[in-house]
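A.B. asks: The structure is given below, and queries will be raised subsequently.
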Amino acid sequence: IDSYTDRGGFLDYDTEYDCMVELTEYLNEKLEKLFGKINNSEMADLILIVLESALDVDCDDSDGGLAFIIDACEKALDNVLLSSSHEAQSAISERIISHIDKKDLGNGDFILEGLLYSLTWDKEITKALIDRIDRNLSESDIQTRVRLMTRAGMDNNDVISYLEQHSASDVGYSLLLGIYESTDLSKAIGLVKRRMELKKGGFEKRNLTRKLISLYEKLGDKENYKAELTRLVITFQYSDIEYVKRLKAITDPDEWSSDIFFRILDNTQYIWQRLPLYELEGMYDSILTEINEKGNLSDFMKYEKALAEKYPEKSRELFVKLLDRSMEEANSRETYKGVITRLKRLDAYPGGKDAARELAGKWRGRYPSRRAMIDELNKAKY
């Protein structure tokens with residue numbers, strides 16, 4: 001390690017990865033030479049000495065060299081543990097814990113703690129590690145505890161019972177929901193509903209409603225599926241067009257056209273919410289009007305093909321207006337080129353070629369100092 005650090009003992013990012021790779025190669029070479037010559041506890045000691053040496057270095061780990069050595073040490077320790085007696089495993093675990101408890105490695109202590117819980121111990125030590133977690137449990141430890149419970153051979157009902165106790169936490173809820181989704185959809189629905197009662201924010205309730213929609217759909221409960229879709233789209237004003245389409249598909253056509261659609265439309269605030277709704281209903285005249293009053297060139301381009309087919313003259317006029325506005329706002333070669341590329345699409349409209357040439361001429365006269373723009377017009381032959 002010393003051959004890679006600077007005079008102050010710091011390991012910079014440009015040498016750190018190479019250092020950790022060489023340290024890993026050193027470890028693997030030593031383990032291979034000593035295999036069968038020393039006992040498992042001594043093998044584990046060697047691995048931990050190498051790991052602790054790496055963690056003790058002041059370094060810039062931008063290139064992830066530490067992950068390389070940590071992974072190598074974890075695999076090596078797991079191999080040792082596989083052939084170790086309970087007594088040997090206990091000695092190894094105690095050594096790791098002693099370093100963690102002494103807090104003599106700074107951030108390395110967190111890495112050692114993660115290593116401690118990821119290694120494959122026998123069931124007795126695994127249960128002892130569960131007790132260790134419980135003495136100072138944080139939400140981030142819940143997933144680790146569940147993994148250890150499984151490794152300790154605990155019954156799935158014990159895992160569920162534990163997660164039910166911690167279902168108010170984000171981690172506990174997520175893990176328990178995953179189990180229920182694959183085993184009991186009714187319990188999954190109940191869990192989500194209890195979660196919703198705890199939440200006050202509209203954003204969180206909206207996301208939970210989306211989960212309920214998914215669960216009711218899987219369960220085949222059409223009545224509640226529609227009720228939650230209605231709640232999401234109308235009560236929570238969620239205008240995602242895919243959910244609107246799903247609600248329309250299960251709503252009576254008369255009810256939709258006379259009531260539901262307009263309630264959804266009234267809830268919208270922005271043009272990007274309304275345009276997909278108009279498209280869903282084939283209201284292209286409303287799309288044209290809305291873009292003309294409040295839209296921009298990007299809005300127009302999303303619906304340009306359909307608008308050109310239905311309203312060629314009006315669409316051409318609107319296209320010219322938006323192109324002109326976009327060129328006014330453009331301020332770089334890239335943005336000039338983008339507008340001029342779209343200008344070529346005018347050729348497909350009735351009278352579009354003349355309109356394109358006329359607009360290009362206006363730009364030349366209006367912006368004579370925009371050399372990059374004029375260059376791009378020349379390239380496009382305008």
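Residues in the structure tokens are named by chain (A, B, ... in the order shown) and by number from 1 within that chain; ligands are numbered from 1 in the order shown.
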Using only C-alpha atoms, which residues sit within 6 Å of range 319-330 of chain A once same-chain residues fewer than 5 positions away are excluded, as a VMD selection string?

C.D. replies: chain A and resid 297 335 to 336

A.B. asks: Skip Thr230 in chain A itself and residues of its chain fewer than 5 positions away, then list as a list in words all residues within 12 Å of it, counting only C-alpha atoms.

C.D. replies: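 Those residues are Arg206, Thr209, Arg210, Leu212, Ile213, Glu223, Asn224, Tyr225, Thr235, Phe236, Gln237, Tyr238, Ser239, Tyr243, Val244, Lys245, Arg246, Leu247, Lys248, Ile250, Thr251, Trp256, Ile260, Phe261, Arg263 and Ile264 of chain A.
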
A.B. asks: So how many Å separate CA of Ser84 in chain A and CA of Asn40 in chain A, to one decimal?

C.D. replies: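 Rounded to one decimal, the two atoms are 6.4 Å apart.
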
A.B. asks: Please provide the set of residues having any atom within 9 Å of range 120-129 of chain A, restricted to only C-alpha atoms, with same-chain residues fewer than 5 positions apart removed, written as a list of chain:residue names.

C.D. replies: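 My reading of the contact set: A:Leu77, A:Asp78, A:Leu81, A:Leu82, A:Ser85, A:His86, A:Gln89, A:Ser90, A:Ser93, A:Asp134, A:Arg145, A:Leu148, A:Met149, A:Arg151, A:Ala152, A:Gly153.
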
A.B. asks: Those same residues - N, CA and C atoms - I'd like them written as a compact mmCIF listing (two decimals), in the first residue's frame.

C.D. replies:
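Saved as result25.txt:
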# COMPACT_ATOMS: atom_id res chain seq x y z
N LEU A 77 -13.76 -15.22 2.77
CA LEU A 77 -14.25 -15.56 4.11
C LEU A 77 -15.39 -16.57 4.06
N ASP A 78 -16.28 -16.42 3.08
CA ASP A 78 -17.38 -17.38 2.93
C ASP A 78 -16.84 -18.78 2.67
N LEU A 81 -15.61 -20.09 5.97
CA LEU A 81 -16.71 -20.42 6.88
C LEU A 81 -17.39 -21.73 6.52
N LEU A 82 -17.44 -22.03 5.24
CA LEU A 82 -18.11 -23.26 4.79
C LEU A 82 -17.50 -24.51 5.42
N SER A 85 -15.76 -25.06 11.87
CA SER A 85 -16.61 -25.51 12.97
C SER A 85 -17.33 -24.31 13.58
N HIS A 86 -18.30 -24.59 14.44
CA HIS A 86 -19.01 -23.51 15.12
C HIS A 86 -18.05 -22.67 15.95
N GLN A 89 -16.08 -20.40 13.64
CA GLN A 89 -16.94 -19.32 13.16
C GLN A 89 -17.16 -18.27 14.25
N SER A 90 -17.35 -18.74 15.49
CA SER A 90 -17.55 -17.81 16.61
C SER A 90 -16.35 -16.91 16.79
N SER A 93 -16.33 -14.32 13.94
CA SER A 93 -17.37 -13.29 14.12
C SER A 93 -17.01 -12.34 15.25
N ASP A 134 -31.25 -6.37 16.90
CA ASP A 134 -32.40 -5.92 17.68
C ASP A 134 -32.02 -4.98 18.82
N ARG A 145 -32.31 -7.93 8.83
CA ARG A 145 -32.84 -8.87 9.82
C ARG A 145 -33.69 -9.95 9.16
N LEU A 148 -31.48 -12.47 7.58
CA LEU A 148 -30.88 -13.34 8.59
C LEU A 148 -31.91 -14.34 9.13
N MET A 149 -33.15 -13.92 9.28
CA MET A 149 -34.20 -14.83 9.74
C MET A 149 -34.36 -16.01 8.78
N ARG A 151 -32.02 -17.12 6.73
CA ARG A 151 -30.81 -17.95 6.82
C ARG A 151 -30.80 -18.80 8.08
N ALA A 152 -31.45 -18.30 9.11
CA ALA A 152 -31.50 -19.05 10.36
C ALA A 152 -32.55 -20.15 10.33
N GLY A 153 -33.25 -20.25 9.22
CA GLY A 153 -34.25 -21.31 9.05
C GLY A 153 -35.58 -21.01 9.72

A.B. asks: Would you return as a tab-separated table (two decimals) with N, CA, C and O atoms, in the first residue's frame the members of range 77-208 of chain A that DSSP assigns to helix (DSSP H, G or I) on this structure's backbone?

C.D. replies:
chain	number	residue	atom	x	y	z
A	77	LEU	N	-13.76	-15.22	2.77
A	77	LEU	CA	-14.25	-15.56	4.11
A	77	LEU	C	-15.39	-16.57	4.06
A	77	LEU	O	-15.47	-17.49	4.88
A	78	ASP	N	-16.28	-16.42	3.08
A	78	ASP	CA	-17.38	-17.38	2.93
A	78	ASP	C	-16.84	-18.78	2.67
A	78	ASP	O	-17.37	-19.77	3.19
A	79	ASN	N	-15.80	-18.87	1.86
A	79	ASN	CA	-15.19	-20.18	1.59
A	79	ASN	C	-14.60	-20.78	2.86
A	79	ASN	O	-14.70	-21.99	3.08
A	80	VAL	N	-14.00	-19.93	3.69
A	80	VAL	CA	-13.43	-20.40	4.95
A	80	VAL	C	-14.55	-20.87	5.88
A	80	VAL	O	-14.45	-21.93	6.52
A	81	LEU	N	-15.61	-20.09	5.97
A	81	LEU	CA	-16.71	-20.42	6.88
A	81	LEU	C	-17.39	-21.73	6.52
A	81	LEU	O	-17.88	-22.46	7.40
A	82	LEU	N	-17.44	-22.03	5.24
A	82	LEU	CA	-18.11	-23.26	4.79
A	82	LEU	C	-17.50	-24.51	5.42
A	82	LEU	O	-18.20	-25.49	5.67
A	86	HIS	N	-18.30	-24.59	14.44
A	86	HIS	CA	-19.01	-23.51	15.12
A	86	HIS	C	-18.05	-22.67	15.95
A	86	HIS	O	-18.14	-21.43	15.96
A	87	GLU	N	-17.10	-23.33	16.61
A	87	GLU	CA	-16.14	-22.61	17.45
A	87	GLU	C	-15.28	-21.66	16.60
A	87	GLU	O	-15.02	-20.52	17.00
A	88	ALA	N	-14.83	-22.16	15.44
A	88	ALA	CA	-14.01	-21.32	14.57
A	88	ALA	C	-14.81	-20.14	14.03
A	88	ALA	O	-14.32	-19.01	13.97
A	89	GLN	N	-16.08	-20.40	13.64
A	89	GLN	CA	-16.94	-19.32	13.16
A	89	GLN	C	-17.16	-18.27	14.25
A	89	GLN	O	-17.15	-17.07	13.99
A	90	SER	N	-17.35	-18.74	15.49
A	90	SER	CA	-17.55	-17.81	16.61
A	90	SER	C	-16.35	-16.91	16.79
A	90	SER	O	-16.49	-15.69	17.01
A	91	ALA	N	-15.16	-17.48	16.68
A	91	ALA	CA	-13.94	-16.69	16.85
A	91	ALA	C	-13.82	-15.64	15.75
A	91	ALA	O	-13.43	-14.49	16.01
A	92	ILE	N	-14.16	-16.03	14.53
A	92	ILE	CA	-14.10	-15.09	13.41
A	92	ILE	C	-15.10	-13.97	13.58
A	92	ILE	O	-14.79	-12.77	13.39
A	93	SER	N	-16.33	-14.32	13.94
A	93	SER	CA	-17.37	-13.29	14.12
A	93	SER	C	-17.01	-12.34	15.25
A	93	SER	O	-17.22	-11.12	15.16
A	94	GLU	N	-16.42	-12.89	16.34
A	94	GLU	CA	-16.03	-12.04	17.46
A	94	GLU	C	-14.94	-11.06	17.08
A	94	GLU	O	-14.92	-9.92	17.55
A	95	ARG	N	-14.02	-11.49	16.21
A	95	ARG	CA	-12.96	-10.57	15.78
A	95	ARG	C	-13.56	-9.41	14.99
A	95	ARG	O	-13.19	-8.25	15.19
A	96	ILE	N	-14.47	-9.72	14.08
A	96	ILE	CA	-15.10	-8.65	13.29
A	96	ILE	C	-15.87	-7.71	14.20
A	96	ILE	O	-15.76	-6.48	14.10
A	97	ILE	N	-16.65	-8.26	15.11
A	97	ILE	CA	-17.47	-7.45	16.02
A	97	ILE	C	-16.59	-6.57	16.90
A	97	ILE	O	-16.93	-5.41	17.18
A	98	SER	N	-15.45	-7.10	17.33
A	98	SER	CA	-14.57	-6.31	18.20
A	98	SER	C	-14.08	-5.06	17.50
A	98	SER	O	-13.98	-3.98	18.10
A	99	HIS	N	-13.78	-5.17	16.21
A	99	HIS	CA	-13.35	-4.00	15.45
A	99	HIS	C	-14.49	-3.01	15.28
A	99	HIS	O	-14.30	-1.78	15.38
A	100	ILE	N	-15.68	-3.53	15.00
A	100	ILE	CA	-16.84	-2.65	14.82
A	100	ILE	C	-17.12	-1.89	16.11
A	100	ILE	O	-17.33	-0.67	16.11
A	101	ASP	N	-17.10	-2.60	17.24
A	101	ASP	CA	-17.42	-1.98	18.52
A	101	ASP	C	-16.36	-0.99	18.98
A	101	ASP	O	-16.65	-0.01	19.68
A	102	LYS	N	-15.11	-1.22	18.59
A	102	LYS	CA	-14.04	-0.29	18.96
A	102	LYS	C	-14.09	1.00	18.14
A	102	LYS	O	-13.51	2.01	18.52
A	108	GLY	N	-14.91	2.52	7.74
A	108	GLY	CA	-14.67	1.09	7.56
A	108	GLY	C	-15.49	0.23	8.49
A	108	GLY	O	-15.78	-0.93	8.19
A	109	ASP	N	-15.88	0.80	9.64
A	109	ASP	CA	-16.72	0.04	10.58
A	109	ASP	C	-18.07	-0.31	9.95
A	109	ASP	O	-18.60	-1.40	10.16
A	110	PHE	N	-18.63	0.63	9.16
A	110	PHE	CA	-19.91	0.35	8.50
A	110	PHE	C	-19.74	-0.76	7.46
A	110	PHE	O	-20.62	-1.60	7.28
A	111	ILE	N	-18.59	-0.76	6.80
A	111	ILE	CA	-18.33	-1.79	5.80
A	111	ILE	C	-18.17	-3.15	6.47
A	111	ILE	O	-18.71	-4.16	6.01
A	112	LEU	N	-17.46	-3.19	7.60
A	112	LEU	CA	-17.30	-4.44	8.34
A	112	LEU	C	-18.64	-4.94	8.87
A	112	LEU	O	-18.91	-6.14	8.87
A	113	GLU	N	-19.49	-4.01	9.30
A	113	GLU	CA	-20.80	-4.43	9.80
A	113	GLU	C	-21.64	-5.04	8.67
A	113	GLU	O	-22.31	-6.05	8.86
A	114	GLY	N	-21.57	-4.41	7.49
A	114	GLY	CA	-22.28	-4.98	6.34
A	114	GLY	C	-21.73	-6.35	5.99
A	114	GLY	O	-22.50	-7.27	5.64
A	115	LEU	N	-20.41	-6.50	6.08
A	115	LEU	CA	-19.78	-7.80	5.81
A	115	LEU	C	-20.23	-8.84	6.83
A	115	LEU	O	-20.55	-9.98	6.47
A	116	LEU	N	-20.29	-8.44	8.09
A	116	LEU	CA	-20.70	-9.35	9.15
A	116	LEU	C	-22.06	-9.97	8.87
A	116	LEU	O	-22.27	-11.18	9.05
A	117	TYR	N	-23.00	-9.15	8.39
A	117	TYR	CA	-24.35	-9.63	8.18
A	117	TYR	C	-24.56	-10.30	6.82
A	117	TYR	O	-25.59	-10.93	6.58
A	118	SER	N	-23.58	-10.18	5.94
A	118	SER	CA	-23.74	-10.79	4.61
A	118	SER	C	-23.07	-12.16	4.51
A	118	SER	O	-23.36	-12.92	3.59
A	123	LYS	N	-26.49	-21.50	11.86
A	123	LYS	CA	-27.76	-20.97	12.35
A	123	LYS	C	-27.65	-20.34	13.74
A	123	LYS	O	-28.28	-19.33	14.03
A	124	GLU	N	-26.81	-20.93	14.60
A	124	GLU	CA	-26.68	-20.40	15.95
A	124	GLU	C	-26.07	-19.01	15.95
A	124	GLU	O	-26.55	-18.10	16.64
A	125	ILE	N	-25.02	-18.81	15.15
A	125	ILE	CA	-24.40	-17.48	15.06
A	125	ILE	C	-25.34	-16.51	14.38
A	125	ILE	O	-25.43	-15.33	14.76
A	126	THR	N	-26.05	-16.98	13.36
A	126	THR	CA	-27.01	-16.12	12.66
A	126	THR	C	-28.07	-15.59	13.63
A	126	THR	O	-28.42	-14.41	13.60
A	127	LYS	N	-28.56	-16.45	14.51
A	127	LYS	CA	-29.56	-16.01	15.50
A	127	LYS	C	-28.94	-15.00	16.48
A	127	LYS	O	-29.61	-14.05	16.91
A	128	ALA	N	-27.66	-15.20	16.81
A	128	ALA	CA	-26.98	-14.24	17.69
A	128	ALA	C	-26.85	-12.88	17.00
A	128	ALA	O	-26.96	-11.83	17.64
A	129	LEU	N	-26.63	-12.89	15.68
A	129	LEU	CA	-26.54	-11.63	14.92
A	129	LEU	C	-27.89	-10.93	14.87
A	129	LEU	O	-27.96	-9.70	14.88
A	130	ILE	N	-28.97	-11.72	14.83
A	130	ILE	CA	-30.31	-11.13	14.88
A	130	ILE	C	-30.50	-10.39	16.20
A	130	ILE	O	-31.01	-9.27	16.24
A	131	ASP	N	-30.06	-11.01	17.29
A	131	ASP	CA	-30.15	-10.37	18.60
A	131	ASP	C	-29.32	-9.09	18.63
A	131	ASP	O	-29.73	-8.09	19.23
A	132	ARG	N	-28.18	-9.12	17.98
A	132	ARG	CA	-27.32	-7.94	17.92
A	132	ARG	C	-28.03	-6.80	17.20
A	132	ARG	O	-27.99	-5.64	17.65
A	133	ILE	N	-28.68	-7.09	16.07
A	133	ILE	CA	-29.42	-6.07	15.33
A	133	ILE	C	-30.54	-5.49	16.18
A	133	ILE	O	-30.76	-4.27	16.22
A	134	ASP	N	-31.25	-6.37	16.90
A	134	ASP	CA	-32.40	-5.92	17.68
A	134	ASP	C	-32.02	-4.98	18.82
A	134	ASP	O	-32.85	-4.19	19.28
A	135	ARG	N	-30.79	-5.06	19.27
A	135	ARG	CA	-30.37	-4.19	20.38
A	135	ARG	C	-30.31	-2.73	19.98
A	135	ARG	O	-30.40	-1.84	20.82
A	139	GLU	N	-34.52	1.52	10.92
A	139	GLU	CA	-35.33	1.08	9.78
A	139	GLU	C	-34.49	0.41	8.70
A	139	GLU	O	-34.91	-0.56	8.06
A	140	SER	N	-33.27	0.91	8.51
A	140	SER	CA	-32.42	0.35	7.47
A	140	SER	C	-31.97	-1.08	7.78
A	140	SER	O	-31.48	-1.79	6.91
A	141	ASP	N	-32.12	-1.51	9.05
A	141	ASP	CA	-31.70	-2.86	9.45
A	141	ASP	C	-32.79	-3.91	9.22
A	141	ASP	O	-32.51	-5.11	9.32
A	142	ILE	N	-34.01	-3.48	8.94
A	142	ILE	CA	-35.12	-4.42	8.85
A	142	ILE	C	-34.89	-5.45	7.75
A	142	ILE	O	-35.10	-6.66	7.95
A	143	GLN	N	-34.46	-5.00	6.59
A	143	GLN	CA	-34.23	-5.93	5.49
A	143	GLN	C	-33.12	-6.92	5.83
A	143	GLN	O	-33.23	-8.11	5.52
A	144	THR	N	-32.07	-6.43	6.48
A	144	THR	CA	-30.98	-7.31	6.89
A	144	THR	C	-31.48	-8.36	7.87
A	144	THR	O	-31.15	-9.55	7.78
A	145	ARG	N	-32.31	-7.93	8.83
A	145	ARG	CA	-32.84	-8.87	9.82
A	145	ARG	C	-33.69	-9.95	9.16
A	145	ARG	O	-33.61	-11.13	9.51
A	146	VAL	N	-34.51	-9.57	8.21
A	146	VAL	CA	-35.35	-10.55	7.51
A	146	VAL	C	-34.48	-11.55	6.76
A	146	VAL	O	-34.76	-12.76	6.75
A	147	ARG	N	-33.42	-11.07	6.14
A	147	ARG	CA	-32.51	-11.98	5.43
A	147	ARG	C	-31.87	-12.97	6.40
A	147	ARG	O	-31.75	-14.16	6.11
A	148	LEU	N	-31.48	-12.47	7.58
A	148	LEU	CA	-30.88	-13.34	8.59
A	148	LEU	C	-31.91	-14.34	9.13
A	148	LEU	O	-31.57	-15.50	9.42
A	149	MET	N	-33.15	-13.92	9.28
A	149	MET	CA	-34.20	-14.83	9.74
A	149	MET	C	-34.36	-16.01	8.78
A	149	MET	O	-34.50	-17.16	9.20
A	150	THR	N	-34.29	-15.70	7.49
A	150	THR	CA	-34.40	-16.76	6.48
A	150	THR	C	-33.21	-17.70	6.56
A	150	THR	O	-33.35	-18.92	6.50
A	151	ARG	N	-32.02	-17.12	6.73
A	151	ARG	CA	-30.81	-17.95	6.82
A	151	ARG	C	-30.80	-18.80	8.08
A	151	ARG	O	-30.21	-19.89	8.09
A	156	ASN	N	-41.63	-18.92	7.56
A	156	ASN	CA	-42.09	-17.75	6.82
A	156	ASN	C	-43.13	-16.96	7.61
A	156	ASN	O	-43.21	-15.73	7.50
A	157	ASN	N	-43.91	-17.65	8.42
A	157	ASN	CA	-44.90	-16.95	9.25
A	157	ASN	C	-44.23	-16.06	10.28
A	157	ASN	O	-44.76	-15.01	10.66
A	158	ASP	N	-43.03	-16.48	10.76
A	158	ASP	CA	-42.28	-15.64	11.70
A	158	ASP	C	-41.81	-14.36	11.01
A	158	ASP	O	-41.85	-13.28	11.60
A	159	VAL	N	-41.40	-14.50	9.75
A	159	VAL	CA	-40.97	-13.33	8.97
A	159	VAL	C	-42.14	-12.38	8.77
A	159	VAL	O	-42.02	-11.16	8.97
A	160	ILE	N	-43.29	-12.93	8.40
A	160	ILE	CA	-44.48	-12.10	8.17
A	160	ILE	C	-44.90	-11.40	9.45
A	160	ILE	O	-45.23	-10.20	9.46
A	161	SER	N	-44.89	-12.14	10.56
A	161	SER	CA	-45.27	-11.55	11.85
A	161	SER	C	-44.34	-10.40	12.21
A	161	SER	O	-44.79	-9.35	12.69
A	162	TYR	N	-43.05	-10.59	11.97
A	162	TYR	CA	-42.08	-9.53	12.27
A	162	TYR	C	-42.33	-8.31	11.39
A	162	TYR	O	-42.33	-7.16	11.88
A	163	LEU	N	-42.57	-8.54	10.11
A	163	LEU	CA	-42.79	-7.42	9.19
A	163	LEU	C	-44.10	-6.70	9.50
A	163	LEU	O	-44.20	-5.48	9.31
A	164	GLU	N	-45.11	-7.44	9.97
A	164	GLU	CA	-46.37	-6.79	10.36
A	164	GLU	C	-46.12	-5.80	11.49
A	164	GLU	O	-46.71	-4.72	11.53
A	165	GLN	N	-45.22	-6.16	12.42
A	165	GLN	CA	-44.89	-5.26	13.53
A	165	GLN	C	-44.22	-3.98	13.04
A	165	GLN	O	-44.27	-2.95	13.71
A	170	ASP	N	-41.20	2.31	5.97
A	170	ASP	CA	-41.15	2.14	4.51
A	170	ASP	C	-40.60	0.78	4.13
A	170	ASP	O	-41.11	0.11	3.23
A	171	VAL	N	-39.52	0.37	4.81
A	171	VAL	CA	-38.87	-0.90	4.47
A	171	VAL	C	-39.77	-2.07	4.83
A	171	VAL	O	-39.97	-2.99	4.02
A	172	GLY	N	-40.32	-2.05	6.05
A	172	GLY	CA	-41.20	-3.14	6.47
A	172	GLY	C	-42.41	-3.27	5.57
A	172	GLY	O	-42.80	-4.39	5.19
A	173	TYR	N	-43.01	-2.14	5.23
A	173	TYR	CA	-44.18	-2.15	4.34
A	173	TYR	C	-43.83	-2.74	2.97
A	173	TYR	O	-44.54	-3.60	2.45
A	174	SER	N	-42.72	-2.30	2.40
A	174	SER	CA	-42.34	-2.75	1.07
A	174	SER	C	-42.06	-4.25	1.04
A	174	SER	O	-42.50	-4.96	0.12
A	175	LEU	N	-41.35	-4.75	2.05
A	175	LEU	CA	-41.04	-6.18	2.11
A	175	LEU	C	-42.30	-7.02	2.31
A	175	LEU	O	-42.49	-8.06	1.67
A	176	LEU	N	-43.16	-6.57	3.21
A	176	LEU	CA	-44.38	-7.31	3.49
A	176	LEU	C	-45.33	-7.30	2.29
A	176	LEU	O	-45.94	-8.32	1.96
A	177	LEU	N	-45.41	-6.17	1.62
A	177	LEU	CA	-46.26	-6.08	0.43
A	177	LEU	C	-45.77	-7.05	-0.64
A	177	LEU	O	-46.58	-7.71	-1.31
A	178	GLY	N	-44.45	-7.15	-0.80
A	178	GLY	CA	-43.90	-8.09	-1.78
A	178	GLY	C	-44.30	-9.53	-1.49
A	178	GLY	O	-44.61	-10.30	-2.41
A	179	ILE	N	-44.31	-9.89	-0.19
A	179	ILE	CA	-44.72	-11.24	0.19
A	179	ILE	C	-46.20	-11.46	-0.09
A	179	ILE	O	-46.60	-12.46	-0.70
A	180	TYR	N	-47.02	-10.50	0.33
A	180	TYR	CA	-48.46	-10.65	0.16
A	180	TYR	C	-48.88	-10.64	-1.31
A	180	TYR	O	-49.83	-11.32	-1.71
A	181	GLU	N	-48.19	-9.86	-2.13
A	181	GLU	CA	-48.54	-9.82	-3.55
A	181	GLU	C	-48.36	-11.17	-4.22
A	181	GLU	O	-49.04	-11.48	-5.19
A	182	SER	N	-47.43	-11.97	-3.72
A	182	SER	CA	-47.19	-13.29	-4.31
A	182	SER	C	-47.93	-14.41	-3.60
A	182	SER	O	-47.94	-15.54	-4.08
A	183	THR	N	-48.54	-14.09	-2.44
A	183	THR	CA	-49.21	-15.15	-1.68
A	183	THR	C	-50.68	-14.89	-1.39
A	183	THR	O	-51.48	-15.83	-1.37
A	185	LEU	N	-53.47	-11.74	-2.24
A	185	LEU	CA	-53.79	-10.40	-2.73
A	185	LEU	C	-54.72	-9.65	-1.79
A	185	LEU	O	-54.62	-8.43	-1.66
A	186	SER	N	-55.61	-10.36	-1.11
A	186	SER	CA	-56.52	-9.70	-0.18
A	186	SER	C	-55.76	-9.06	0.97
A	186	SER	O	-56.07	-7.94	1.40
A	187	LYS	N	-54.75	-9.76	1.48
A	187	LYS	CA	-53.93	-9.19	2.55
A	187	LYS	C	-53.10	-8.03	2.03
A	187	LYS	O	-52.86	-7.05	2.76
A	188	ALA	N	-52.65	-8.13	0.78
A	188	ALA	CA	-51.90	-7.02	0.19
A	188	ALA	C	-52.76	-5.77	0.10
A	188	ALA	O	-52.31	-4.66	0.42
A	189	ILE	N	-54.02	-5.94	-0.29
A	189	ILE	CA	-54.95	-4.82	-0.37
A	189	ILE	C	-55.18	-4.21	1.01
A	189	ILE	O	-55.17	-2.99	1.19
A	190	GLY	N	-55.38	-5.09	2.01
A	190	GLY	CA	-55.57	-4.60	3.38
A	190	GLY	C	-54.38	-3.81	3.88
A	190	GLY	O	-54.52	-2.78	4.54
A	191	LEU	N	-53.17	-4.28	3.54
A	191	LEU	CA	-51.95	-3.59	3.96
A	191	LEU	C	-51.87	-2.21	3.33
A	191	LEU	O	-51.53	-1.22	4.00
A	192	VAL	N	-52.18	-2.12	2.04
A	192	VAL	CA	-52.12	-0.83	1.35
A	192	VAL	C	-53.16	0.14	1.92
A	192	VAL	O	-52.88	1.33	2.11
A	193	LYS	N	-54.34	-0.37	2.23
A	193	LYS	CA	-55.38	0.49	2.81
A	193	LYS	C	-54.96	1.01	4.19
A	193	LYS	O	-55.20	2.19	4.52
A	194	ARG	N	-54.34	0.15	5.00
A	194	ARG	CA	-53.86	0.61	6.31
A	194	ARG	C	-52.78	1.66	6.14
A	194	ARG	O	-52.71	2.63	6.89
A	195	ARG	N	-51.95	1.45	5.15
A	195	ARG	CA	-50.88	2.41	4.85
A	195	ARG	C	-51.49	3.75	4.46
A	195	ARG	O	-50.99	4.81	4.87
A	196	MET	N	-52.55	3.72	3.69
A	196	MET	CA	-53.18	4.96	3.23
A	196	MET	C	-53.75	5.75	4.41
A	196	MET	O	-53.73	6.99	4.41
A	197	GLU	N	-54.23	5.05	5.41
A	197	GLU	CA	-54.79	5.73	6.58
A	197	GLU	C	-53.72	6.51	7.35
A	197	GLU	O	-54.02	7.50	8.03
A	198	LEU	N	-52.47	6.05	7.23
A	198	LEU	CA	-51.37	6.71	7.94
A	198	LEU	C	-50.82	7.92	7.20
A	198	LEU	O	-50.13	8.75	7.79
A	202	GLY	N	-51.26	14.15	-0.41
A	202	GLY	CA	-51.97	13.70	-1.61
A	202	GLY	C	-51.10	12.88	-2.54
A	202	GLY	O	-51.57	11.94	-3.18
A	203	PHE	N	-49.81	13.24	-2.62
A	203	PHE	CA	-48.90	12.51	-3.50
A	203	PHE	C	-48.78	11.05	-3.08
A	203	PHE	O	-48.84	10.14	-3.90
A	204	GLU	N	-48.61	10.82	-1.77
A	204	GLU	CA	-48.49	9.46	-1.26
A	204	GLU	C	-49.79	8.69	-1.43
A	204	GLU	O	-49.79	7.51	-1.81
A	205	LYS	N	-50.91	9.33	-1.16
A	205	LYS	CA	-52.20	8.66	-1.32
A	205	LYS	C	-52.44	8.30	-2.79
A	205	LYS	O	-53.02	7.25	-3.10
A	206	ARG	N	-52.01	9.15	-3.67
A	206	ARG	CA	-52.17	8.88	-5.10
A	206	ARG	C	-51.39	7.65	-5.51
A	206	ARG	O	-51.89	6.78	-6.23
A	207	ASN	N	-50.16	7.55	-5.03
A	207	ASN	CA	-49.34	6.38	-5.36
A	207	ASN	C	-49.91	5.10	-4.77
A	207	ASN	O	-49.86	4.03	-5.39
A	208	LEU	N	-50.45	5.20	-3.56
A	208	LEU	CA	-51.08	4.02	-2.95
A	208	LEU	C	-52.34	3.63	-3.70
A	208	LEU	O	-52.65	2.43	-3.83

A.B. asks: Pick out the closest residue to Leu66 in chain A from this set: A:Leu288, A:Thr5, A:Ser53, A:Ala306. Count only C-alpha atoms.

C.D. replies: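 That would be A:Ser53, the residue with the smallest distance to Leu66 in chain A.
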
A.B. asks: Identify, on the basis of only C-alpha atoms, every residue whose closest approach to range 344-346 of chain A does not exceed 8 Å; exclude the query and any residue fewer than 3 positions from it along the same chain; express the result as a PyMOL selection string.

C.D. replies: chain A and resi 316+319+340-341+349+352-353+355-356

A.B. asks: Work out how far apart CA of Phe68 in chain A and CA of Met20 in chain A are and give it in Å to one decimal.

C.D. replies: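 CA of Met20 in chain A lies at a distance of 6.9 Å from CA of Phe68 in chain A.
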